[in-house]
Each structure stands twice: as C-alpha cells, then as structure tokens.
Amino acid sequence: MKLTLGFSPCPNDTFIFDALIHHKIDTEGLEFEVFFDDVETLNQKAFRQELDITKLSFHAFAYAIQHYVLLDAGSALGFGVGPLVISKKSLMELLLENGVQHRESESASEIVEEDIKPYLSNLKIGIPGKYTTANFLLSWLLPDANNKEELVFSDIEDAAIRGDIDLGLIIHENRFTYRERGLKKIFDLGDLWERQTGCAIPLGGIVIKRNLPEEVKLKFNRVLRKSVEFAFANPKSSIDFIRQHAQAMEEEVMYKHIELYVNKYSVDLGDEGRKAIKLLFSKASELKIIPFLDDNIFLT
C-alpha cells in the first residue's frame with residue numbers, strides 16, 4: 001500500500017524518517033510518496049486533507065482533528081525547546097525608547113507583566129505561520145497582539161535585522177543562529193509555558209487520516225516507532241539525508257537541532273506527553289484561540 005507522507009526538511013524530521021523511507025527497517029509492506037514542506041505549508045495541506053500522513057503543528061491539529069488522529073510516535077515535545085521572541089534591540093532598549101519604566105535588574109521573563117503587555121502587543125511581530133504552535137504560545141502570552149506578519153520561518157531573522165519587524169518569533173534551527181547575527185532574545189515562550197504548567201511544550205506531531213483502515217494506522221505507527229528507534233541506535237546513518245535537506249547548515253547545528261527536538265516523546269508520547277498535549281488544547285480552548293475539541297485526539 002502506498003501512502004502520501006509529508007514532513008519538513010528540518011534535521012529533526014529527516015532524522016526520524018530516514019530509516020522509514022529508505023527501507024533501513026521493515027516497513028511491513030507500506031510504501032510512501034514523500035513531500036517536503038515547511039511546517040505552515042504542511043498545516044495548510046492538512047486543512048485541505050491532501051496527505052494521508054503528515055507532520056503538523058499541534059495548534060493546527062485543532063483545526064484538522066476531524067480528519068486526522070495523532071500517532072504515538074514521531075512527536076516533538078520537550079523542555080527547553082520552545083519558540084523564542086527576538087529583536088534587533090534589547091527589551092530594555094525597546095521599552096526605554098517608548099517611555100516604559102522598568103527596573104534594570106529584572107529579567108526578560110520577570111518583566112513580561114501586565115503593565116507592558118499592551119506595548120508589546122502593539123509592536124510589529126513576524127510569525128512563522130498563523131497555525132503554528134509558536135503563534136499559539138504568543139497568543140497565550142499576548143492575546144491582544146494585533147500587528148502580526150506571517151513569514152517563512154527562515155526569513156524572520158533577516159526581517160528583524162532589516163527592521164521590517166520589531167519582534168520575530170523564531171523556531172527550529174534559528175534558535176542556534178540568532179545571536180551570531182546580532183539579534184537579542186526578548187523572551188522564551190517555552191520557558192514561560194514550562195514555569196506555569198510544569199509540562200513539556202508540545203510543538204508538532206505526526207497525524208494520519210482517520211478514514212484509513214485501522215490496521216494501516218496501527219501498522220504505520222509501529223513502523224514510525226521503529227524508524228525513530230533505528231535513528232537513535234544509528235545516529236550517523238542518516239547524516240547524508242539530513243545534510244541534503246538542511247540548507248547548508250553546519251553539522252554541529254544539525255545535531256543540536258536533533259538533540260533539542262527528538263527525545264523519548266518522539267518514540268512514544270506516554271502519559272506525560274499526552275497530558276501536555278491535552279493541557280495545551282485545554283488552555284487554547286479556554287482562551288478561544290482554538291475551537292472546543294470533542295474528538296478523540298490519540299490513535300490508541
């Protein structure tokens with residue numbers, strides 16, 4: 001059986017899927033037609049039900065849940081993996097030039113208080129897509145942010161450097177490159193989530209169409225888990241495939257990227273991973289960022 005499969009060219013995804021699509025493991029008779037796209041393009045494809053199996057943001061999953069179910073394997077959750085808000089200027093500089101008072105000893109996390117949220121909400125913010133989990137977290141912190149511009153995630157740093165945007169919401173490998181380009185971290189949305197919830201931050205998952213036979217869904221979930229386990233056991237096996245799609249990224253950055261986003265939750269969500277995902281959906285629903293969900297989220 002041949003299935004359409006979409007995932008991003010980022011190192012964490014190519015690391016996970018290498019063994020599966022190159023038959024380094026037993027795929028139990030499954031074949032795949034593969035599509036590589038950035039996460040927001042994959043989100044939009046999921047809304048149109050274009051692919052049998054796809055990576056997507058957990059935020060986007062809330063709008064595709066009637067057609068897809070979440071697999072136990074392949075997800076990106078973790079601690080210290082959240083999106084960052086960056087700027088060409090420091091937070092203190094941004095506040096001072098707009099007459100906002102602050103104490104110099106305050107950290108970026110401490111200073112994101114109610115009295116400055118209106119100011120931050122009015123700044124022009126570059127985001128990697130409306131339906132990314134990164135944008136959900138930004139909306140959770142700054143529900144009144146009303147001046148957002150959607151950009152391809154890899155273009156956000158350049159837009160901040162040019163001054164086209166005041167703040168940039170960065171994900172993926174840009175976590176490792178913004179400092180060397182002279183940009184400054186304003187706050188870490190993942191850190192804020194972790195401190196307030198105690199849970200890992202759910203970023204993205206692998207979903208499969210609900211209308212496929214149950215046997216096929218369970219089979220693919222098994223195969224994907226085997227692919228992740230193979231990747232962990234043979235970390236250098238996928239290096240050529242990763243490098244092929246990593247857009248001239250340095251090998252050190254590639255492996256930092258993988259270490260950040262591929263972990264025990266990628267093998268199996270487990271109770272902790274499921275709890276974090278349910279909490280994200282619950283909070284997003286309470287804030288009316290997503291519709292109320294009454295569908296079963298998980299495959300098993």
# chains A, B, ... in the order shown; residues from 1 in each chain; ligands from 1
>>> residues_around(residues="Ser139 in chain A", least_positions_apart="6", cutoff="12 Å", atoms="only C-alpha atoms", output="ChimeraX atom specification")
/A:59,117,120-121,125,127,130-133,145-148,169,189,283-285,287-290
>>> select_by_dssp(residues="range 3-236 of chain A", states="strand (DSSP E)", output="JSON, numbers by chain")
{"A": [3, 4, 5, 6, 7, 31, 32, 33, 34, 35, 36, 53, 54, 55, 56, 57, 68, 69, 70, 76, 77, 78, 84, 85, 86, 87, 125, 126, 127, 148, 149, 150, 167, 168, 169, 170, 184, 185, 186, 187, 188, 201, 202, 203, 204, 205, 206, 207, 208, 209]}
>>> closest_residue(among="A:Glu93, A:Asp26, A:Asp144, A:Asp155", to="Asp38 in chain A", atoms="only C-alpha atoms")
A:Asp155
>>> closest_atom_pairs(of="range 151-251 of chain A", to="range 14-23 of chain A", cutoff="10 Å", atoms="only C-alpha atoms", output="tab-separated table")
residue	atom	partner	partner_atom	distance
A:Phe220	CA	A:Leu20	CA	9.8
A:Val223	CA	A:Leu20	CA	7.0
A:Leu224	CA	A:Leu20	CA	6.8
A:Arg225	CA	A:Ile16	CA	8.9
A:Lys226	CA	A:Leu20	CA	8.0
A:Ser227	CA	A:Ala19	CA	5.2
A:Val228	CA	A:Ile16	CA	5.0
A:Glu229	CA	A:Ile16	CA	8.5
A:Phe230	CA	A:Ala19	CA	6.8
A:Ala231	CA	A:Ile16	CA	6.3
A:Phe232	CA	A:Ile16	CA	8.7
A:Asn234	CA	A:Ala19	CA	9.7
A:Pro235	CA	A:Phe15	CA	8.0
A:Lys236	CA	A:Phe15	CA	9.4
A:Ser237	CA	A:Ala19	CA	8.4
A:Ser238	CA	A:Asp18	CA	5.9
A:Ile239	CA	A:Phe15	CA	7.9
A:Asp240	CA	A:Asp18	CA	9.7
A:Phe241	CA	A:Thr14	CA	6.8
A:Ile242	CA	A:Thr14	CA	5.5
A:Arg243	CA	A:Thr14	CA	9.1
A:Gln244	CA	A:Thr14	CA	9.5
A:His245	CA	A:Thr14	CA	7.9
A:Ala246	CA	A:Thr14	CA	9.0
>>> select_by_dssp(residues="range 240-275 of chain A", states="alpha helix (DSSP H)", output="PyMOL selection string")
chain A and resi 240-245+251-261+264-267+270-275
>>> closest_residue(among="A:Gly190, A:Asp164, A:Ile206, A:Ala159", to="Asn43 in chain A", atoms="only C-alpha atoms")
A:Ile206
>>> residues_around(residues="Thr197 in chain A", least_positions_apart="4", cutoff="9 Å", atoms="only C-alpha atoms", output="PyMOL selection string")
chain A and resi 192-193+276+279
>>> residues_around(residues="Ile208 in chain A", least_positions_apart="6", cutoff="8 Å", atoms="only C-alpha atoms", output="list of chain:residue names")
A:Asp52, A:Ile53, A:Thr54, A:Tyr68, A:Val69, A:Leu70, A:Leu71, A:Lys217
>>> atom_distance(atom1="CA of Gln196 in chain A", atom2="CA of Gly82 in chain A")
13.4 Å
